[in-house]
file start_29.cif (mmCIF, C-alpha atoms; chains and numbers go by the auth columns)
data_data
loop_
_atom_site.group_PDB
_atom_site.id
_atom_site.type_symbol
_atom_site.label_atom_id
_atom_site.label_comp_id
_atom_site.label_asym_id
_atom_site.label_seq_id
_atom_site.Cartn_x
_atom_site.Cartn_y
_atom_site.Cartn_z
_atom_site.B_iso_or_equiv
_atom_site.auth_seq_id
_atom_site.auth_asym_id
ATOM 1 C CA MET A 1 -15.840 8.744 -16.788 0.00 209 T
ATOM 2 C CA GLN A 2 -15.902 4.955 -17.268 0.00 210 T
ATOM 3 C CA THR A 3 -18.408 2.820 -15.404 0.00 211 T
ATOM 4 C CA LEU A 4 -17.721 -0.683 -14.159 0.00 212 T
ATOM 5 C CA LYS A 5 -20.911 -2.697 -14.730 0.00 213 T
ATOM 6 C CA THR A 6 -20.064 -5.928 -12.911 0.00 214 T
ATOM 7 C CA CYS A 7 -22.229 -5.251 -9.861 0.00 215 T
ATOM 8 C CA ASP A 8 -24.492 -2.493 -8.510 0.00 216 T
ATOM 9 C CA ALA A 9 -22.200 -2.224 -5.466 0.00 217 T
ATOM 10 C CA ILE A 10 -19.237 -1.262 -7.673 0.00 218 T
ATOM 11 C CA ARG A 11 -18.339 2.424 -7.676 0.00 219 T
ATOM 12 C CA GLU A 12 -17.836 4.387 -10.849 0.00 220 T
ATOM 13 C CA TYR A 13 -14.171 4.607 -11.755 0.00 221 T
ATOM 14 C CA ARG A 14 -12.541 7.943 -11.007 0.00 222 T
ATOM 15 C CA GLU A 15 -8.873 8.669 -11.527 0.00 223 T
ATOM 16 C CA ASP A 16 -8.697 10.412 -8.145 0.00 224 T
ATOM 17 C CA MET A 17 -10.117 7.515 -6.173 0.00 225 T
ATOM 18 C CA VAL A 18 -7.913 5.184 -4.096 0.00 226 T
ATOM 19 C CA ALA A 19 -4.589 3.427 -4.407 0.00 227 T
ATOM 20 C CA VAL A 20 -2.664 0.558 -2.868 0.00 228 T
ATOM 21 C CA VAL A 21 0.892 1.311 -1.804 0.00 229 T
ATOM 22 C CA TYR A 22 3.019 -1.855 -1.941 0.00 230 T
ATOM 23 C CA SER A 23 6.289 -2.248 -0.086 0.00 231 T
ATOM 24 C CA THR A 24 8.613 -5.023 1.030 0.00 232 T
ATOM 25 C CA ILE A 25 10.114 -4.937 4.519 0.00 233 T
ATOM 26 C CA ASP A 26 12.933 -7.076 5.917 0.00 234 T
ATOM 27 C CA ASN A 27 11.083 -8.373 9.017 0.00 235 T
ATOM 28 C CA ILE A 28 7.617 -8.718 10.516 0.00 236 T
ATOM 29 C CA GLN A 29 8.309 -6.405 13.474 0.00 237 T
ATOM 30 C CA ASP A 30 9.233 -3.484 11.211 0.00 238 T
ATOM 31 C CA ALA A 31 6.274 -4.249 8.934 0.00 239 T
ATOM 32 C CA ARG A 32 3.911 -4.107 11.923 0.00 240 T
ATOM 33 C CA LYS A 33 5.506 -0.860 13.152 0.00 241 T
ATOM 34 C CA ILE A 34 5.087 0.775 9.737 0.00 242 T
ATOM 35 C CA ALA A 35 1.512 -0.539 9.399 0.00 243 T
ATOM 36 C CA HIS A 36 0.449 0.699 12.840 0.00 244 T
ATOM 37 C CA THR A 37 2.035 4.111 12.257 0.00 245 T
ATOM 38 C CA LEU A 38 0.303 4.596 8.893 0.00 246 T
ATOM 39 C CA VAL A 39 -3.104 3.599 10.294 0.00 247 T
ATOM 40 C CA GLU A 40 -2.767 5.506 13.577 0.00 248 T
ATOM 41 C CA GLU A 41 -1.771 8.677 11.707 0.00 249 T
ATOM 42 C CA GLN A 42 -4.827 8.210 9.403 0.00 250 T
ATOM 43 C CA ILE A 43 -2.615 8.291 6.334 0.00 251 T
ATOM 44 C CA VAL A 44 -4.072 4.935 5.245 0.00 252 T
ATOM 45 C CA ALA A 45 -7.281 3.088 6.141 0.00 253 T
ATOM 46 C CA CYS A 46 -5.840 -0.410 6.264 0.00 254 T
ATOM 47 C CA VAL A 47 -2.595 -2.317 5.839 0.00 255 T
ATOM 48 C CA ASN A 48 -2.390 -5.989 4.950 0.00 256 T
ATOM 49 C CA ILE A 49 0.782 -7.803 5.943 0.00 257 T
ATOM 50 C CA ILE A 50 1.903 -10.863 3.988 0.00 258 T
ATOM 51 C CA PRO A 51 4.418 -12.350 6.410 0.00 259 T
ATOM 52 C CA SER A 52 6.769 -14.387 4.276 0.00 260 T
ATOM 53 C CA ILE A 53 7.938 -14.109 0.704 0.00 261 T
ATOM 54 C CA GLU A 54 11.188 -14.950 -1.001 0.00 262 T
ATOM 55 C CA SER A 55 12.704 -12.163 -3.068 0.00 263 T
ATOM 56 C CA ILE A 56 15.385 -12.605 -5.699 0.00 264 T
ATOM 57 C CA TYR A 57 16.880 -9.354 -6.905 0.00 265 T
ATOM 58 C CA LYS A 58 20.041 -7.765 -8.174 0.00 266 T
ATOM 59 C CA TRP A 59 21.766 -5.350 -5.786 0.00 267 T
ATOM 60 C CA LYS A 60 25.063 -3.609 -6.492 0.00 268 T
ATOM 61 C CA GLY A 61 25.903 -6.057 -9.279 0.00 269 T
ATOM 62 C CA LYS A 62 25.160 -9.228 -7.307 0.00 270 T
ATOM 63 C CA VAL A 63 22.100 -11.517 -7.368 0.00 271 T
ATOM 64 C CA GLU A 64 20.646 -11.719 -3.846 0.00 272 T
ATOM 65 C CA THR A 65 17.978 -13.923 -2.253 0.00 273 T
ATOM 66 C CA ASP A 66 16.195 -12.847 0.929 0.00 274 T
ATOM 67 C CA ASN A 67 13.038 -13.502 2.923 0.00 275 T
ATOM 68 C CA GLU A 68 10.882 -10.404 3.200 0.00 276 T
ATOM 69 C CA VAL A 69 7.440 -9.228 4.311 0.00 277 T
ATOM 70 C CA ILE A 70 4.949 -7.447 2.027 0.00 278 T
ATOM 71 C CA ILE A 71 2.715 -4.603 3.166 0.00 279 T
ATOM 72 C CA LEU A 72 -0.264 -3.424 1.121 0.00 280 T
ATOM 73 C CA ALA A 73 -1.516 -0.056 2.353 0.00 281 T
ATOM 74 C CA LYS A 74 -4.899 1.249 1.142 0.00 282 T
ATOM 75 C CA THR A 75 -5.315 5.007 0.933 0.00 283 T
ATOM 76 C CA VAL A 76 -6.852 7.842 -1.058 0.00 284 T
ATOM 77 C CA ASP A 77 -4.863 9.316 -3.918 0.00 285 T
ATOM 78 C CA ASP A 78 -4.384 12.573 -2.006 0.00 286 T
ATOM 79 C CA ASN A 79 -2.401 10.648 0.645 0.00 287 T
ATOM 80 C CA VAL A 80 -0.146 8.632 -1.671 0.00 288 T
ATOM 81 C CA LYS A 81 2.849 10.992 -1.477 0.00 289 T
ATOM 82 C CA LYS A 82 2.497 11.247 2.301 0.00 290 T
ATOM 83 C CA THR A 83 2.300 7.423 2.524 0.00 291 T
ATOM 84 C CA ILE A 84 5.454 7.011 0.435 0.00 292 T
ATOM 85 C CA ARG A 85 7.295 9.634 2.469 0.00 293 T
ATOM 86 C CA ARG A 86 6.283 8.036 5.799 0.00 294 T
ATOM 87 C CA ILE A 87 7.206 4.492 4.709 0.00 295 T
ATOM 88 C CA LYS A 88 10.584 5.782 3.531 0.00 296 T
ATOM 89 C CA GLU A 89 11.191 7.515 6.891 0.00 297 T
ATOM 90 C CA LEU A 90 10.396 4.322 8.829 0.00 298 T
ATOM 91 C CA HIS A 91 12.054 1.842 6.436 0.00 299 T
ATOM 92 C CA SER A 92 15.452 0.254 7.064 0.00 300 T
ATOM 93 C CA TYR A 93 16.469 -0.203 3.408 0.00 301 T
ATOM 94 C CA GLU A 94 18.788 2.181 1.589 0.00 302 T
ATOM 95 C CA ILE A 95 16.318 2.204 -1.332 0.00 303 T
ATOM 96 C CA PRO A 96 12.935 0.872 -0.158 0.00 304 T
ATOM 97 C CA ASP A 97 10.712 -1.022 -2.576 0.00 305 T
ATOM 98 C CA ILE A 98 7.671 1.276 -2.656 0.00 306 T
ATOM 99 C CA ILE A 99 5.273 0.972 -5.581 0.00 307 T
ATOM 100 C CA VAL A 100 1.852 2.597 -6.056 0.00 308 T
ATOM 101 C CA LEU A 101 -0.892 0.465 -7.605 0.00 309 T
ATOM 102 C CA PRO A 102 -3.908 2.494 -8.748 0.00 310 T
ATOM 103 C CA VAL A 103 -7.309 0.974 -7.953 0.00 311 T
ATOM 104 C CA THR A 104 -9.656 0.994 -10.927 0.00 312 T
ATOM 105 C CA GLY A 105 -12.767 -0.052 -9.027 0.00 313 T
ATOM 106 C CA GLY A 106 -14.060 -2.177 -6.213 0.00 314 T
ATOM 107 C CA LEU A 107 -16.856 -2.656 -3.736 0.00 315 T
ATOM 108 C CA LYS A 108 -18.375 0.805 -3.220 0.00 316 T
ATOM 109 C CA ASP A 109 -18.796 0.298 0.525 0.00 317 T
ATOM 110 C CA TYR A 110 -15.133 -0.636 0.919 0.00 318 T
ATOM 111 C CA LEU A 111 -13.886 2.255 -1.202 0.00 319 T
ATOM 112 C CA ASP A 112 -16.081 4.602 0.852 0.00 320 T
ATOM 113 C CA TYR A 113 -14.533 3.105 4.015 0.00 321 T
ATOM 114 C CA ILE A 114 -11.035 3.967 2.751 0.00 322 T
ATOM 115 C CA VAL A 115 -12.097 7.550 2.085 0.00 323 T
ATOM 116 C CA ARG A 116 -13.836 7.864 5.477 0.00 324 T
ATOM 117 C CA GLU A 117 -10.931 6.479 7.503 0.00 325 T
ATOM 118 C CA THR A 118 -8.344 8.749 5.886 0.00 326 T
ATOM 119 C CA GLU A 119 -10.195 12.054 6.366 0.00 327 T
#
call {"tool": "encode", "arguments": {"input": "start_29.cif", "output": "structure tokens"}}
result
Amino acid sequence: MQTLKTCDAIREYREDMVAVVYSTIDNIQDARKIAHTLVEEQIVACVNIIPSIESIYKWKGKVETDNEVIILAKTVDDNVKKTIRRIKELHSYEIPDIIVLPVTGGLKDYLDYIVRETE
């Protein structure tokens, strides 16, 4: 087990701790719907919505440019698969952008909050 020594309020790193699930959504209304569903179902503790980004990507052989919305959902590792599955069910894209970002540490009180709110 590694220990982060930056601050006494930092939790020891554990591989089974928490994760951030990142996804892009095509509009703010759908992003809010997904966020509310995930929180209300206690799959995640919190979702941040970043309302406007520009995405440039290749789709079916063509370079595309679109405005999108980012959601960052904080959950425990045990809920990651459920979070991915639920976002996919609610998402309008054929292949949703869903990426899991493992958390390697953070404020102990906040990490405890994520665990508490997803029980």
call {"tool": "residues_around", "arguments": {"input": "start_29.cif", "residues": "Ser300 in chain T", "least_positions_apart": "6", "cutoff": "12 Å", "atoms": "only C-alpha atoms", "output": "list in words"}}
result
Ser231, Thr232, Ile233, Asp234, Asn235, Gln237, Asp238, Ala239, Lys241 and Ile242 of chain T
call {"tool": "residues_around", "arguments": {"input": "start_29.cif", "residues": "range 271-287 of chain T", "least_positions_apart": "3", "cutoff": "7 Å", "atoms": "all atoms listed in the file", "output": "MDAnalysis selection string"}}
result
chainID T and resid 224:236 239 251:267 290:291 322:323 326
call {"tool": "closest_residue", "arguments": {"input": "start_29.cif", "among": "T:Lys289, T:Leu246, T:Gly313, T:Leu298", "to": "Glu325 in chain T", "atoms": "only C-alpha atoms"}}
result
T:Leu246
call {"tool": "atom_distance", "arguments": {"input": "start_29.cif", "atom1": "CA of Gly269 in chain T", "atom2": "CA of Leu309 in chain T"}}
result
27.6 Å
call {"tool": "atom_distance", "arguments": {"input": "start_29.cif", "atom1": "CA of Tyr321 in chain T", "atom2": "CA of Gln250 in chain T"}}
result
12.2 Å
call {"tool": "axis_aligned_box", "arguments": {"input": "start_29.cif", "around": "range 262-279 of chain T", "padding_each_side": "8 Å", "output": "lines of an AutoDock Vina configuration file"}}
result
center_x = 14.3
center_y = -9.3
center_z = -2.5
size_x = 39.2
size_y = 27.3
size_z = 29.6
call {"tool": "atom_distance", "arguments": {"input": "start_29.cif", "atom1": "CA of Pro310 in chain T", "atom2": "CA of Arg293 in chain T"}}
result
17.4 Å
call {"tool": "closest_residue", "arguments": {"input": "start_29.cif", "among": "T:Lys316, T:Lys268, T:Arg294, T:His299", "to": "Val247 in chain T", "atoms": "all atoms listed in the file"}}
result
T:Arg294
call {"tool": "closest_residue", "arguments": {"input": "start_29.cif", "among": "T:Arg240, T:Lys270, T:Leu319, T:Val288", "to": "Ile306 in chain T", "atoms": "only C-alpha atoms"}}
result
T:Val288
call {"tool": "build_atoms", "arguments": {"input": "start_29.cif", "residues": "range 261-296 of chain T", "atoms": "N, CA and C atoms", "output": "PDB file, in the coordinates of the input"}}
result
ATOM      1  N   ILE T 261       7.714 -13.912   2.134  1.00  0.00           N
ATOM      2  CA  ILE T 261       7.938 -14.109   0.704  1.00  0.00           C
ATOM      3  C   ILE T 261       9.435 -14.284   0.491  1.00  0.00           C
ATOM      4  N   GLU T 262       9.784 -14.861  -0.620  1.00  0.00           N
ATOM      5  CA  GLU T 262      11.188 -14.950  -1.001  1.00  0.00           C
ATOM      6  C   GLU T 262      11.417 -14.001  -2.164  1.00  0.00           C
ATOM      7  N   SER T 263      12.390 -13.132  -2.028  1.00  0.00           N
ATOM      8  CA  SER T 263      12.704 -12.163  -3.068  1.00  0.00           C
ATOM      9  C   SER T 263      14.074 -12.468  -3.665  1.00  0.00           C
ATOM     10  N   ILE T 264      14.130 -12.447  -4.975  1.00  0.00           N
ATOM     11  CA  ILE T 264      15.385 -12.605  -5.699  1.00  0.00           C
ATOM     12  C   ILE T 264      15.565 -11.334  -6.504  1.00  0.00           C
ATOM     13  N   TYR T 265      16.680 -10.663  -6.293  1.00  0.00           N
ATOM     14  CA  TYR T 265      16.880  -9.354  -6.905  1.00  0.00           C
ATOM     15  C   TYR T 265      18.374  -9.106  -7.109  1.00  0.00           C
ATOM     16  N   LYS T 266      18.662  -8.151  -7.939  1.00  0.00           N
ATOM     17  CA  LYS T 266      20.041  -7.765  -8.174  1.00  0.00           C
ATOM     18  C   LYS T 266      20.329  -6.496  -7.386  1.00  0.00           C
ATOM     19  N   TRP T 267      21.400  -6.499  -6.596  1.00  0.00           N
ATOM     20  CA  TRP T 267      21.766  -5.350  -5.786  1.00  0.00           C
ATOM     21  C   TRP T 267      23.267  -5.146  -5.863  1.00  0.00           C
ATOM     22  N   LYS T 268      23.657  -3.980  -6.356  1.00  0.00           N
ATOM     23  CA  LYS T 268      25.063  -3.609  -6.492  1.00  0.00           C
ATOM     24  C   LYS T 268      25.850  -4.674  -7.262  1.00  0.00           C
ATOM     25  N   GLY T 269      25.238  -5.131  -8.371  1.00  0.00           N
ATOM     26  CA  GLY T 269      25.903  -6.057  -9.279  1.00  0.00           C
ATOM     27  C   GLY T 269      25.842  -7.522  -8.897  1.00  0.00           C
ATOM     28  N   LYS T 270      25.194  -7.851  -7.791  1.00  0.00           N
ATOM     29  CA  LYS T 270      25.160  -9.228  -7.307  1.00  0.00           C
ATOM     30  C   LYS T 270      23.714  -9.702  -7.153  1.00  0.00           C
ATOM     31  N   VAL T 271      23.432 -10.946  -7.558  1.00  0.00           N
ATOM     32  CA  VAL T 271      22.100 -11.517  -7.368  1.00  0.00           C
ATOM     33  C   VAL T 271      21.969 -11.943  -5.907  1.00  0.00           C
ATOM     34  N   GLU T 272      20.904 -11.445  -5.263  1.00  0.00           N
ATOM     35  CA  GLU T 272      20.646 -11.719  -3.846  1.00  0.00           C
ATOM     36  C   GLU T 272      19.333 -12.486  -3.693  1.00  0.00           C
ATOM     37  N   THR T 273      19.219 -13.249  -2.627  1.00  0.00           N
ATOM     38  CA  THR T 273      17.978 -13.923  -2.253  1.00  0.00           C
ATOM     39  C   THR T 273      17.731 -13.656  -0.776  1.00  0.00           C
ATOM     40  N   ASP T 274      16.542 -13.149  -0.459  1.00  0.00           N
ATOM     41  CA  ASP T 274      16.195 -12.847   0.929  1.00  0.00           C
ATOM     42  C   ASP T 274      14.737 -13.160   1.197  1.00  0.00           C
ATOM     43  N   ASN T 275      14.425 -13.423   2.470  1.00  0.00           N
ATOM     44  CA  ASN T 275      13.038 -13.502   2.923  1.00  0.00           C
ATOM     45  C   ASN T 275      12.607 -12.094   3.311  1.00  0.00           C
ATOM     46  N   GLU T 276      11.399 -11.730   2.906  1.00  0.00           N
ATOM     47  CA  GLU T 276      10.882 -10.404   3.200  1.00  0.00           C
ATOM     48  C   GLU T 276       9.407 -10.504   3.580  1.00  0.00           C
ATOM     49  N   VAL T 277       8.845  -9.371   3.954  1.00  0.00           N
ATOM     50  CA  VAL T 277       7.440  -9.228   4.311  1.00  0.00           C
ATOM     51  C   VAL T 277       6.845  -8.176   3.379  1.00  0.00           C
ATOM     52  N   ILE T 278       5.639  -8.424   2.878  1.00  0.00           N
ATOM     53  CA  ILE T 278       4.949  -7.447   2.027  1.00  0.00           C
ATOM     54  C   ILE T 278       3.929  -6.690   2.865  1.00  0.00           C
ATOM     55  N   ILE T 279       3.849  -5.369   2.649  1.00  0.00           N
ATOM     56  CA  ILE T 279       2.715  -4.603   3.166  1.00  0.00           C
ATOM     57  C   ILE T 279       1.955  -4.016   1.979  1.00  0.00           C
ATOM     58  N   LEU T 280       0.636  -4.018   2.105  1.00  0.00           N
ATOM     59  CA  LEU T 280      -0.264  -3.424   1.121  1.00  0.00           C
ATOM     60  C   LEU T 280      -1.117  -2.398   1.862  1.00  0.00           C
ATOM     61  N   ALA T 281      -0.834  -1.127   1.639  1.00  0.00           N
ATOM     62  CA  ALA T 281      -1.516  -0.056   2.353  1.00  0.00           C
ATOM     63  C   ALA T 281      -2.561   0.581   1.438  1.00  0.00           C
ATOM     64  N   LYS T 282      -3.811   0.668   1.929  1.00  0.00           N
ATOM     65  CA  LYS T 282      -4.899   1.249   1.142  1.00  0.00           C
ATOM     66  C   LYS T 282      -5.147   2.674   1.588  1.00  0.00           C
ATOM     67  N   THR T 283      -5.139   3.597   0.617  1.00  0.00           N
ATOM     68  CA  THR T 283      -5.315   5.007   0.933  1.00  0.00           C
ATOM     69  C   THR T 283      -5.991   5.732  -0.221  1.00  0.00           C
ATOM     70  N   VAL T 284      -6.319   6.989   0.006  1.00  0.00           N
ATOM     71  CA  VAL T 284      -6.852   7.842  -1.058  1.00  0.00           C
ATOM     72  C   VAL T 284      -5.676   8.431  -1.836  1.00  0.00           C
ATOM     73  N   ASP T 285      -5.927   8.776  -3.071  1.00  0.00           N
ATOM     74  CA  ASP T 285      -4.863   9.316  -3.918  1.00  0.00           C
ATOM     75  C   ASP T 285      -4.189  10.548  -3.308  1.00  0.00           C
ATOM     76  N   ASP T 286      -4.960  11.376  -2.616  1.00  0.00           N
ATOM     77  CA  ASP T 286      -4.384  12.573  -2.006  1.00  0.00           C
ATOM     78  C   ASP T 286      -3.338  12.250  -0.945  1.00  0.00           C
ATOM     79  N   ASN T 287      -3.349  11.037  -0.405  1.00  0.00           N
ATOM     80  CA  ASN T 287      -2.401  10.648   0.645  1.00  0.00           C
ATOM     81  C   ASN T 287      -1.243   9.780   0.142  1.00  0.00           C
ATOM     82  N   VAL T 288      -1.182   9.525  -1.143  1.00  0.00           N
ATOM     83  CA  VAL T 288      -0.146   8.632  -1.671  1.00  0.00           C
ATOM     84  C   VAL T 288       1.256   9.179  -1.399  1.00  0.00           C
ATOM     85  N   LYS T 289       1.506  10.428  -1.699  1.00  0.00           N
ATOM     86  CA  LYS T 289       2.849  10.992  -1.477  1.00  0.00           C
ATOM     87  C   LYS T 289       3.218  10.965   0.000  1.00  0.00           C
ATOM     88  N   LYS T 290       2.262  11.279   0.863  1.00  0.00           N
ATOM     89  CA  LYS T 290       2.497  11.247   2.301  1.00  0.00           C
ATOM     90  C   LYS T 290       2.792   9.809   2.761  1.00  0.00           C
ATOM     91  N   THR T 291       2.081   8.830   2.186  1.00  0.00           N
ATOM     92  CA  THR T 291       2.300   7.423   2.524  1.00  0.00           C
ATOM     93  C   THR T 291       3.702   6.998   2.120  1.00  0.00           C
ATOM     94  N   ILE T 292       4.107   7.345   0.914  1.00  0.00           N
ATOM     95  CA  ILE T 292       5.454   7.011   0.435  1.00  0.00           C
ATOM     96  C   ILE T 292       6.508   7.650   1.331  1.00  0.00           C
ATOM     97  N   ARG T 293       6.336   8.915   1.631  1.00  0.00           N
ATOM     98  CA  ARG T 293       7.295   9.634   2.469  1.00  0.00           C
ATOM     99  C   ARG T 293       7.411   8.993   3.863  1.00  0.00           C
ATOM    100  N   ARG T 294       6.272   8.616   4.449  1.00  0.00           N
ATOM    101  CA  ARG T 294       6.283   8.036   5.799  1.00  0.00           C
ATOM    102  C   ARG T 294       6.911   6.647   5.797  1.00  0.00           C
ATOM    103  N   ILE T 295       6.578   5.822   4.797  1.00  0.00           N
ATOM    104  CA  ILE T 295       7.206   4.492   4.709  1.00  0.00           C
ATOM    105  C   ILE T 295       8.713   4.656   4.587  1.00  0.00           C
ATOM    106  N   LYS T 296       9.151   5.569   3.727  1.00  0.00           N
ATOM    107  CA  LYS T 296      10.584   5.782   3.531  1.00  0.00           C
ATOM    108  C   LYS T 296      11.273   6.206   4.827  1.00  0.00           C
TER     109      LYS T 296
END
